[in-house]
Every structure is written in structure tokens, then in C-alpha cells.
file protein.tsv (TSV, C-alpha atoms)
chain	number	residue	atom	x	y	z
A	118	MET	CA	104.51	121.63	96.74
A	119	ASN	CA	105.81	122.62	93.28
A	120	ILE	CA	109.09	120.75	92.87
A	121	GLU	CA	109.97	122.72	89.74
A	122	GLU	CA	110.78	125.79	91.86
A	123	ASN	CA	114.18	124.32	92.75
A	124	THR	CA	116.32	122.53	90.16
A	125	PHE	CA	118.26	120.44	92.66
A	126	LEU	CA	115.08	119.40	94.47
A	127	THR	CA	113.45	118.54	91.14
A	128	VAL	CA	116.31	116.25	90.11
A	129	TYR	CA	116.47	114.70	93.58
A	130	ILE	CA	112.73	113.96	93.69
A	131	PHE	CA	112.79	112.49	90.19
A	132	VAL	CA	115.71	110.21	91.07
A	133	VAL	CA	113.99	109.05	94.27
A	134	ALA	CA	110.72	108.55	92.37
A	135	ALA	CA	112.53	106.47	89.72
A	136	ILE	CA	114.18	104.30	92.37
A	137	PHE	CA	110.91	103.70	94.20
A	138	GLY	CA	109.12	103.01	90.93
A	139	ALA	CA	111.72	100.45	89.84
A	140	VAL	CA	111.74	98.77	93.27
A	141	PHE	CA	107.95	98.49	93.32
A	142	GLY	CA	108.07	97.27	89.73
A	143	SER	CA	110.42	94.47	90.79
A	144	PHE	CA	108.08	93.47	93.61
A	145	ILE	CA	105.05	93.64	91.32
A	146	ASN	CA	106.77	91.32	88.84
A	147	CYS	CA	107.31	88.75	91.55
A	148	MET	CA	103.84	89.12	93.06
A	149	ALA	CA	102.01	88.91	89.72
A	150	TRP	CA	103.97	85.83	88.63
A	151	ARG	CA	103.24	84.05	91.91
A	152	ILE	CA	99.54	84.87	91.78
A	153	ALA	CA	99.30	83.72	88.17
A	154	HIS	CA	101.06	80.46	89.06
A	155	ASP	CA	99.21	79.83	92.34
A	156	GLU	CA	102.21	80.44	94.60
A	157	SER	CA	102.15	82.24	97.94
A	158	VAL	CA	103.03	85.92	97.71
A	159	LEU	CA	104.18	86.12	101.32
A	160	LYS	CA	106.16	82.89	101.71
A	161	GLY	CA	109.36	81.70	100.11
A	162	ARG	CA	112.38	83.46	98.62
A	163	SER	CA	112.42	84.95	95.15
A	164	HIS	CA	113.53	82.38	92.63
A	165	CYS	CA	114.23	82.02	88.92
A	166	ALA	CA	111.00	81.35	87.03
A	167	LEU	CA	112.90	79.02	84.70
A	168	CYS	CA	115.06	76.81	86.96
A	169	GLY	CA	113.61	77.57	90.39
A	170	HIS	CA	117.00	78.48	91.94
A	171	PRO	CA	116.69	81.00	94.82
A	172	LEU	CA	117.95	84.45	93.87
A	173	GLY	CA	120.56	86.36	95.84
A	174	ALA	CA	120.68	90.07	96.59
A	175	ALA	CA	122.85	90.75	93.53
A	176	ASP	CA	120.18	89.18	91.33
A	177	LEU	CA	117.40	91.42	92.61
A	178	VAL	CA	118.67	94.95	91.93
A	179	PRO	CA	115.99	96.49	89.68
A	180	VAL	CA	117.08	97.10	86.05
A	181	PHE	CA	120.82	96.81	86.78
A	182	SER	CA	120.80	93.08	87.61
A	183	TYR	CA	119.11	92.35	84.29
A	184	LEU	CA	121.62	94.50	82.40
A	185	PHE	CA	124.71	93.15	84.17
A	186	LEU	CA	123.56	89.55	83.67
A	187	ARG	CA	122.74	90.35	80.03
A	188	GLY	CA	119.19	89.18	80.44
A	189	ARG	CA	120.09	85.68	81.60
A	190	CYS	CA	119.74	83.75	84.84
A	191	ARG	CA	123.02	83.62	86.77
A	192	TYR	CA	122.46	79.93	87.56
A	193	CYS	CA	120.82	78.19	84.59
A	194	LYS	CA	122.03	80.73	81.98
A	195	LYS	CA	118.62	80.71	80.30
A	196	LYS	CA	117.23	83.91	78.82
A	197	ILE	CA	115.01	85.90	81.17
A	198	SER	CA	111.89	87.50	79.75
A	199	PRO	CA	112.44	91.22	79.03
A	200	ARG	CA	109.05	91.75	80.67
A	201	TYR	CA	110.73	92.05	84.05
A	202	VAL	CA	113.04	94.93	83.23
A	203	ALA	CA	110.30	96.55	81.11
A	204	VAL	CA	107.92	96.62	84.08
A	205	GLU	CA	110.62	98.11	86.32
A	206	LEU	CA	111.37	100.85	83.78
A	207	VAL	CA	107.69	101.59	83.14
A	208	MET	CA	106.97	101.92	86.86
A	209	ALA	CA	109.99	104.22	87.26
A	210	ILE	CA	108.63	106.43	84.46
A	211	VAL	CA	105.11	106.40	85.92
A	212	PHE	CA	106.40	107.50	89.33
A	213	ILE	CA	108.46	110.28	87.73
A	214	LEU	CA	105.54	111.54	85.62
A	215	THR	CA	103.22	111.49	88.64
A	216	ALA	CA	105.72	113.43	90.76
A	217	TRP	CA	106.19	115.90	87.91
A	218	ARG	CA	102.43	116.34	87.46
A	219	PHE	CA	101.35	116.61	91.09
A	220	GLY	CA	104.56	117.43	92.97
A	221	LEU	CA	105.03	116.41	96.59
A	222	SER	CA	101.38	115.87	97.35
A	223	LEU	CA	98.86	113.36	98.59
A	224	GLN	CA	97.64	113.02	95.01
A	225	THR	CA	101.06	111.69	94.00
A	226	LEU	CA	100.92	109.04	96.72
A	227	TRP	CA	97.36	108.18	95.70
A	228	ILE	CA	98.15	107.71	92.01
A	229	CYS	CA	101.43	105.86	92.58
A	230	GLY	CA	99.66	103.35	94.82
A	231	LEU	CA	96.93	102.91	92.23
A	232	ALA	CA	99.55	102.48	89.48
A	233	CYS	CA	101.15	99.59	91.39
A	234	MET	CA	97.84	97.75	91.62
A	235	LEU	CA	97.01	98.42	87.98
A	236	MET	CA	100.36	97.07	86.81
A	237	ALA	CA	100.02	93.95	88.97
A	238	LEU	CA	96.50	93.10	87.83
A	239	SER	CA	97.46	93.78	84.20
A	240	LEU	CA	100.32	91.26	84.39
A	241	VAL	CA	98.02	88.65	85.93
A	242	ASP	CA	95.30	89.37	83.35
A	243	LEU	CA	97.79	88.94	80.51
A	244	GLU	CA	98.64	85.44	81.74
A	245	THR	CA	95.31	84.19	83.06
A	246	TYR	CA	92.60	86.36	81.42
A	247	THR	CA	91.29	87.09	84.91
A	248	ILE	CA	91.48	90.05	87.29
A	249	PRO	CA	91.65	88.71	90.86
A	250	ASP	CA	89.24	90.36	93.29
A	251	ARG	CA	92.10	91.01	95.70
A	252	PHE	CA	93.34	93.82	93.44
A	253	ILE	CA	89.90	95.44	93.28
A	254	ILE	CA	89.55	95.24	97.07
A	255	ALA	CA	93.08	96.61	97.57
A	256	GLY	CA	92.33	99.50	95.22
A	257	ILE	CA	89.13	100.38	97.08
A	258	LEU	CA	90.86	100.19	100.46
A	259	TRP	CA	93.73	102.35	99.21
A	260	TYR	CA	91.24	104.92	97.92
A	261	PHE	CA	89.42	105.22	101.24
A	262	GLY	CA	92.65	105.03	103.25
A	263	VAL	CA	94.19	108.02	101.49
A	264	LEU	CA	90.82	109.81	101.34
A	265	LEU	CA	90.88	110.19	105.13
A	266	PHE	CA	93.86	112.56	104.84
A	267	THR	CA	92.44	114.83	102.14
A	268	ASP	CA	91.31	118.33	103.07
A	269	ASP	CA	87.80	118.18	101.61
A	270	TRP	CA	87.18	114.45	101.94
A	271	LYS	CA	83.39	114.74	101.76
A	272	ALA	CA	83.40	116.40	98.34
A	273	GLU	CA	86.09	113.97	97.18
A	274	LEU	CA	84.00	111.05	98.41
A	275	LEU	CA	80.85	112.25	96.60
A	276	SER	CA	82.80	112.71	93.38
A	277	GLY	CA	84.43	109.29	93.76
A	278	LEU	CA	81.17	107.47	94.43
A	279	ALA	CA	79.53	109.27	91.51
A	280	GLY	CA	82.36	108.17	89.25
A	281	GLY	CA	82.51	104.59	90.50
A	282	LEU	CA	78.78	103.97	90.45
A	283	SER	CA	77.98	105.76	87.19
A	284	ILE	CA	80.74	104.06	85.22
A	285	GLY	CA	80.66	100.68	86.99
A	286	VAL	CA	76.87	100.25	87.09
A	287	GLY	CA	76.51	101.74	83.62
A	288	MET	CA	78.97	99.25	82.16
A	289	LEU	CA	77.28	96.39	84.02
A	290	LEU	CA	73.87	97.25	82.54
A	291	LEU	CA	75.28	97.72	79.04
A	292	SER	CA	77.14	94.42	79.32
A	293	ILE	CA	74.02	92.54	80.39
A	294	LEU	CA	72.01	94.10	77.52
A	295	PHE	CA	74.74	93.32	74.97
A	296	ASP	CA	75.06	89.72	76.19
A	297	LYS	CA	71.31	89.13	75.88
A	298	VAL	CA	71.05	90.69	72.43
A	299	THR	CA	74.11	89.00	70.89
A	300	GLY	CA	74.26	85.83	72.99
A	301	LYS	CA	77.99	86.46	73.51
A	302	GLU	CA	79.94	87.63	76.54
A	303	SER	CA	81.11	91.23	76.18
A	304	LEU	CA	82.89	92.35	79.36
A	305	GLY	CA	84.14	90.06	82.09
A	306	GLY	CA	83.11	90.66	85.68
A	307	GLY	CA	86.66	91.68	86.55
A	308	ASP	CA	86.65	94.44	83.94
A	309	ILE	CA	83.39	95.88	85.28
A	310	LYS	CA	84.72	95.80	88.85
A	311	LEU	CA	87.88	97.51	87.63
A	312	PHE	CA	85.86	100.31	86.04
A	313	PHE	CA	84.05	100.80	89.37
A	314	MET	CA	87.27	100.82	91.41
A	315	THR	CA	89.11	103.23	89.14
A	316	GLY	CA	86.02	105.40	88.80
A	317	LEU	CA	86.41	106.20	92.50
A	318	TYR	CA	89.75	107.85	91.78
A	319	LEU	CA	88.70	109.62	88.59
A	320	GLY	CA	85.20	110.89	89.31
A	321	PRO	CA	82.33	110.92	86.77
A	322	TRP	CA	83.66	113.18	84.00
A	323	VAL	CA	87.24	111.95	83.90
A	324	GLY	CA	85.83	108.45	84.41
A	325	LEU	CA	83.80	108.85	81.22
A	326	PHE	CA	86.90	110.05	79.38
A	327	ASN	CA	88.73	107.01	80.73
A	328	LEU	CA	85.97	104.70	79.46
A	329	ILE	CA	86.25	106.10	75.94
A	330	LEU	CA	90.04	105.98	76.04
A	331	SER	CA	89.98	102.38	77.34
A	332	CYS	CA	87.92	101.29	74.33
A	333	ILE	CA	90.25	103.08	71.90
A	334	ILE	CA	93.35	101.53	73.48
A	335	GLY	CA	91.64	98.12	73.60
A	336	ILE	CA	90.90	98.30	69.86
A	337	GLY	CA	94.51	99.31	69.28
A	338	PHE	CA	95.70	96.25	71.22
A	339	VAL	CA	93.48	93.99	69.12
A	340	LEU	CA	94.83	95.44	65.86
A	341	CYS	CA	98.46	95.30	67.02
A	342	MET	CA	98.31	91.80	68.51
A	343	GLY	CA	96.17	90.34	65.74
A	344	GLN	CA	93.98	88.43	68.17
A	345	LYS	CA	90.21	88.46	68.48
A	346	ARG	CA	90.37	87.95	72.24
A	347	ILE	CA	92.70	89.96	74.45
A	348	PRO	CA	92.66	90.75	78.17
A	349	PHE	CA	90.97	94.14	78.64
A	350	GLY	CA	92.58	94.87	82.02
A	351	PRO	CA	95.87	96.26	80.60
A	352	ALA	CA	93.97	98.59	78.24
A	353	ILE	CA	91.82	99.91	81.09
A	354	SER	CA	94.88	100.32	83.31
A	355	LEU	CA	96.83	102.29	80.70
A	356	ALA	CA	93.82	104.50	80.08
A	357	VAL	CA	93.41	105.10	83.82
A	358	LEU	CA	97.00	106.27	84.22
A	359	ILE	CA	96.67	108.63	81.26
A	360	SER	CA	93.35	109.89	82.62
A	361	ALA	CA	94.81	110.43	86.09
A	362	LEU	CA	97.65	112.52	84.67
A	363	VAL	CA	95.89	114.60	81.99
A	364	GLY	CA	92.19	113.68	82.18
A	365	ASN	CA	91.11	116.83	84.01
A	366	ASP	CA	92.90	119.03	81.48
A	367	VAL	CA	91.25	117.22	78.55
A	368	VAL	CA	87.77	117.37	80.13
A	369	ASN	CA	88.12	121.08	81.00
A	370	TRP	CA	89.31	121.83	77.46
A	371	TYR	CA	86.38	119.94	75.96
A	372	LEU	CA	83.77	121.56	78.21
A	373	GLY	CA	85.33	124.94	77.51
A	374	LEU	CA	84.37	124.56	73.86
A	375	PHE	CA	80.71	124.99	74.84
A	376	VAL	CA	81.17	128.08	77.00
call {"tool": "encode", "arguments": {"input": "protein.tsv", "output": "C-alpha cells"}}
result
Amino acid sequence: MNIEENTFLTVYIFVVAAIFGAVFGSFINCMAWRIAHDESVLKGRSHCALCGHPLGAADLVPVFSYLFLRGRCRYCKKKISPRYVAVELVMAIVFILTAWRFGLSLQTLWICGLACMLMALSLVDLETYTIPDRFIIAGILWYFGVLLFTDDWKAELLSGLAGGLSIGVGMLLLSILFDKVTGKESLGGGDIKLFFMTGLYLGPWVGLFNLILSCIIGIGFVLCMGQKRIPFGPAISLAVLISALVGNDVVNWYLGLFV
């Protein structure tokens, strides 16, 4: 459904998308922090990461709680990392852009679910330099779960498997070759698994575009952060979201140059 056909509906959908994005961003913040610090995701109330005090409902309103409290914990008065509100705002924007690009469709649901997992694993990777397998498994299950409701699921499945296997296996072989030649580790196992999982969603051609874009963004991160070693998961995740939104247009434009 094209939501741009009705101005009121467009505004309404964008507002709802922003709210859902911010709410999921808040949950992702909590989940990623607990996973990175070996806490249970399912047990225990949300608490301040600095003083450990349980948080009340007024402390958990996405974006607004941070602004009203001026970026400080209500209880210990210590400064809260701006990462939390940044994630909530980014997820709100991602949900809006996805709704704008794909309208009220199954594709929107598909990409928004993937975006949540990508944000969560990126936050964990930034803290621990690891991508937990649970995110890869969740991404694969989400892909096949939504796939069941698509109209032409067989063609979608073939494209997804072609994308996942060609990019994932290709990167695995290149990584093994590079490691043997240089004697240094190139890609971590989590990065290769992530390429496979996201390749399911993107297919082979957009998956290849995503691979190139991931490397460009990764180099940009290295130059901006001034570090020789950075987690690659966030670069891949950002590239995947860009590829999911505009990858088909870029690939079609490029292939059209040869027609």
C-alpha cells in the first residue's frame, strides 16, 4: 500500500513508525547492555548502568526521559551515555525510512525486524568485539518466518539462499586464503556468519553491493576512529540497511549501463 496517497495517513504512519522504532531502540539498548555484561535478558527490572538502581516507568520513556532528566540518572545524578538516546532516535528514523520506502507491506516488517537485530549485535560488537550466534540464529529464523507469508516464497527463497551462500561462503574462502597467506586473522567468524544471514535478505546482486559498501564504510570507520582494529559488525549492519533501502535501485542503475 502506497502511504503517500493520503497525507493524513502518511503522517500517521510515520508517527507510529517513529514511536515503534524508539520503543524497540530502548529495548535493544537494554538487551545489548545485558548481553555484553553477562546479565539475563529476560529476568530482572531495568536498572541504571551506573548505580544499579531500578528504573521506574517515568525513567523509561524513549527519548523524552533522557531529555527531561537532562541526560542524568534520576537517582545517582551521574551522566548517562548519549548512546541510549542516539540508538532510540536512529531506530525511529530507520523505521520511518523503511515505511516511506516500502509502505504498509510485508517488506517493511521484514526490514524493521532485521534492523532491530542489526542494531543489537552492533552494540554488543562495539563493546565485546564479538557477534553472538543468537543474533545470527534470530535473523535466520525471522527471515524464514516472514518468508512463509510472501506471495512467491519459492523464488524469494532461491534468491535468498543464492545471496547467503554466495556471499557467506565466498567470504569464508577468501578469509581462509588471506589468513594463510598473511598469517594474520582477517574476518572473524561472526562477521562471516553475519554476511550469510544478511545475504538471505538481500539476494546475490544486492548482497554483492552490500559487501563492497561494508568494506568502504569499514575503512571510513578506521580513518575516523584512528584505530587499527575496529568491530566490523556495525559497518556491515549500516551497509545492510542502506542496501535494503536503495540497493535494488543502485544495482538496476549499474546493470542498465551495459544495456
call {"tool": "closest_residue", "arguments": {"input": "protein.tsv", "among": "A:Thr315, A:His170, A:Phe252, A:Ile293", "to": "Leu355 (chain A)", "atoms": "only C-alpha atoms"}}
result
A:Thr315
call {"tool": "residues_near_point", "arguments": {"input": "protein.tsv", "point": "(85.6, 113.2, 81.6)", "cutoff": "10 Å", "atoms": "all atoms listed in the file", "output": "ChimeraX atom specification"}}
result
/A:280,319-329,360,364-369,371-372
call {"tool": "atom_distance", "arguments": {"input": "protein.tsv", "atom1": "CA of Ser198 (chain A)", "atom2": "CA of Ser163 (chain A)"}}
result
15.6 Å
call {"tool": "closest_residue", "arguments": {"input": "protein.tsv", "among": "A:Ala216, A:Ala153, A:Leu206, A:Ala232", "to": "Val133 (chain A)", "atoms": "all atoms listed in the file"}}
result
A:Ala216
call {"tool": "atom_distance", "arguments": {"input": "protein.tsv", "atom1": "CA of Cys229 (chain A)", "atom2": "CA of Cys341 (chain A)"}}
result
27.8 Å
call {"tool": "atom_distance", "arguments": {"input": "protein.tsv", "atom1": "CA of Leu274 (chain A)", "atom2": "CA of Leu358 (chain A)"}}
result
19.8 Å
call {"tool": "closest_residue", "arguments": {"input": "protein.tsv", "among": "A:Ile353, A:Ala237, A:Val202, A:Leu226", "to": "Trp150 (chain A)", "atoms": "all atoms listed in the file"}}
result
A:Ala237
call {"tool": "closest_residue", "arguments": {"input": "protein.tsv", "among": "A:Lys160, A:Lys310, A:Lys301, A:Arg218", "to": "Asp250 (chain A)", "atoms": "all atoms listed in the file"}}
result
A:Lys310
call {"tool": "closest_residue", "arguments": {"input": "protein.tsv", "among": "A:Phe312, A:Tyr192, A:Trp217, A:Trp370", "to": "Leu282 (chain A)", "atoms": "all atoms listed in the file"}}
result
A:Phe312
call {"tool": "closest_residue", "arguments": {"input": "protein.tsv", "among": "A:Leu231, A:Leu167, A:Gly281, A:Ala134", "to": "Ile210 (chain A)", "atoms": "all atoms listed in the file"}}
result
A:Ala134
call {"tool": "build_atoms", "arguments": {"input": "protein.tsv", "residues": "region 307-339 of chain A", "atoms": "N, CA and C atoms", "output": "CSV table (one decimal), in the frame of the given file"}}
result
chain,number,residue,atom,x,y,z
A,307,GLY,N,85.5,91.0,86.0
A,307,GLY,CA,86.7,91.7,86.6
A,307,GLY,C,86.8,93.0,85.9
A,308,ASP,N,86.5,93.2,84.6
A,308,ASP,CA,86.6,94.4,83.9
A,308,ASP,C,85.6,95.4,84.5
A,309,ILE,N,84.4,95.0,84.7
A,309,ILE,CA,83.4,95.9,85.3
A,309,ILE,C,83.8,96.4,86.7
A,310,LYS,N,84.3,95.4,87.5
A,310,LYS,CA,84.7,95.8,88.8
A,310,LYS,C,85.9,96.8,88.8
A,311,LEU,N,86.8,96.6,87.8
A,311,LEU,CA,87.9,97.5,87.6
A,311,LEU,C,87.4,98.9,87.3
A,312,PHE,N,86.4,99.0,86.4
A,312,PHE,CA,85.9,100.3,86.0
A,312,PHE,C,85.3,101.0,87.3
A,313,PHE,N,84.6,100.2,88.1
A,313,PHE,CA,84.0,100.8,89.4
A,313,PHE,C,85.2,101.3,90.3
A,314,MET,N,86.2,100.5,90.5
A,314,MET,CA,87.3,100.8,91.4
A,314,MET,C,88.0,102.1,90.9
A,315,THR,N,88.4,102.1,89.7
A,315,THR,CA,89.1,103.2,89.1
A,315,THR,C,88.2,104.5,89.0
A,316,GLY,N,86.9,104.3,88.8
A,316,GLY,CA,86.0,105.4,88.8
A,316,GLY,C,86.0,106.2,90.1
A,317,LEU,N,86.3,105.5,91.2
A,317,LEU,CA,86.4,106.2,92.5
A,317,LEU,C,87.5,107.3,92.5
A,318,TYR,N,88.6,106.9,91.8
A,318,TYR,CA,89.8,107.8,91.8
A,318,TYR,C,89.5,109.0,90.8
A,319,LEU,N,88.8,108.7,89.7
A,319,LEU,CA,88.7,109.6,88.6
A,319,LEU,C,87.5,110.5,88.6
A,320,GLY,N,86.4,110.1,89.3
A,320,GLY,CA,85.2,110.9,89.3
A,320,GLY,C,84.4,110.6,88.0
A,321,PRO,N,83.2,111.2,87.9
A,321,PRO,CA,82.3,110.9,86.8
A,321,PRO,C,82.8,111.4,85.4
A,322,TRP,N,83.3,112.6,85.3
A,322,TRP,CA,83.7,113.2,84.0
A,322,TRP,C,85.0,112.6,83.5
A,323,VAL,N,86.0,112.6,84.3
A,323,VAL,CA,87.2,112.0,83.9
A,323,VAL,C,87.0,110.4,83.7
A,324,GLY,N,86.1,109.9,84.5
A,324,GLY,CA,85.8,108.4,84.4
A,324,GLY,C,85.2,108.1,83.1
A,325,LEU,N,84.4,109.0,82.6
A,325,LEU,CA,83.8,108.8,81.2
A,325,LEU,C,84.9,109.0,80.1
A,326,PHE,N,85.8,109.9,80.3
A,326,PHE,CA,86.9,110.0,79.4
A,326,PHE,C,87.7,108.8,79.4
A,327,ASN,N,88.0,108.2,80.6
A,327,ASN,CA,88.7,107.0,80.7
A,327,ASN,C,88.0,105.8,80.0
A,328,LEU,N,86.7,105.8,80.1
A,328,LEU,CA,86.0,104.7,79.5
A,328,LEU,C,86.2,104.7,77.9
A,329,ILE,N,86.1,105.9,77.4
A,329,ILE,CA,86.2,106.1,75.9
A,329,ILE,C,87.7,105.7,75.5
A,330,LEU,N,88.6,106.2,76.3
A,330,LEU,CA,90.0,106.0,76.0
A,330,LEU,C,90.4,104.5,76.2
A,331,SER,N,89.8,103.8,77.1
A,331,SER,CA,90.0,102.4,77.3
A,331,SER,C,89.6,101.6,76.1
A,332,CYS,N,88.4,102.0,75.5
A,332,CYS,CA,87.9,101.3,74.3
A,332,CYS,C,88.8,101.5,73.1
A,333,ILE,N,89.3,102.8,73.0
A,333,ILE,CA,90.2,103.1,71.9
A,333,ILE,C,91.5,102.3,72.0
A,334,ILE,N,92.1,102.3,73.2
A,334,ILE,CA,93.4,101.5,73.5
A,334,ILE,C,93.1,100.0,73.3
A,335,GLY,N,92.0,99.5,73.8
A,335,GLY,CA,91.6,98.1,73.6
A,335,GLY,C,91.6,97.7,72.1
A,336,ILE,N,91.0,98.6,71.3
A,336,ILE,CA,90.9,98.3,69.9
A,336,ILE,C,92.3,98.3,69.3
A,337,GLY,N,93.1,99.2,69.7
A,337,GLY,CA,94.5,99.3,69.3
A,337,GLY,C,95.3,98.0,69.6
A,338,PHE,N,95.1,97.5,70.8
A,338,PHE,CA,95.7,96.2,71.2
A,338,PHE,C,95.3,95.1,70.3
A,339,VAL,N,94.0,95.1,70.0
A,339,VAL,CA,93.5,94.0,69.1
A,339,VAL,C,94.1,94.1,67.8
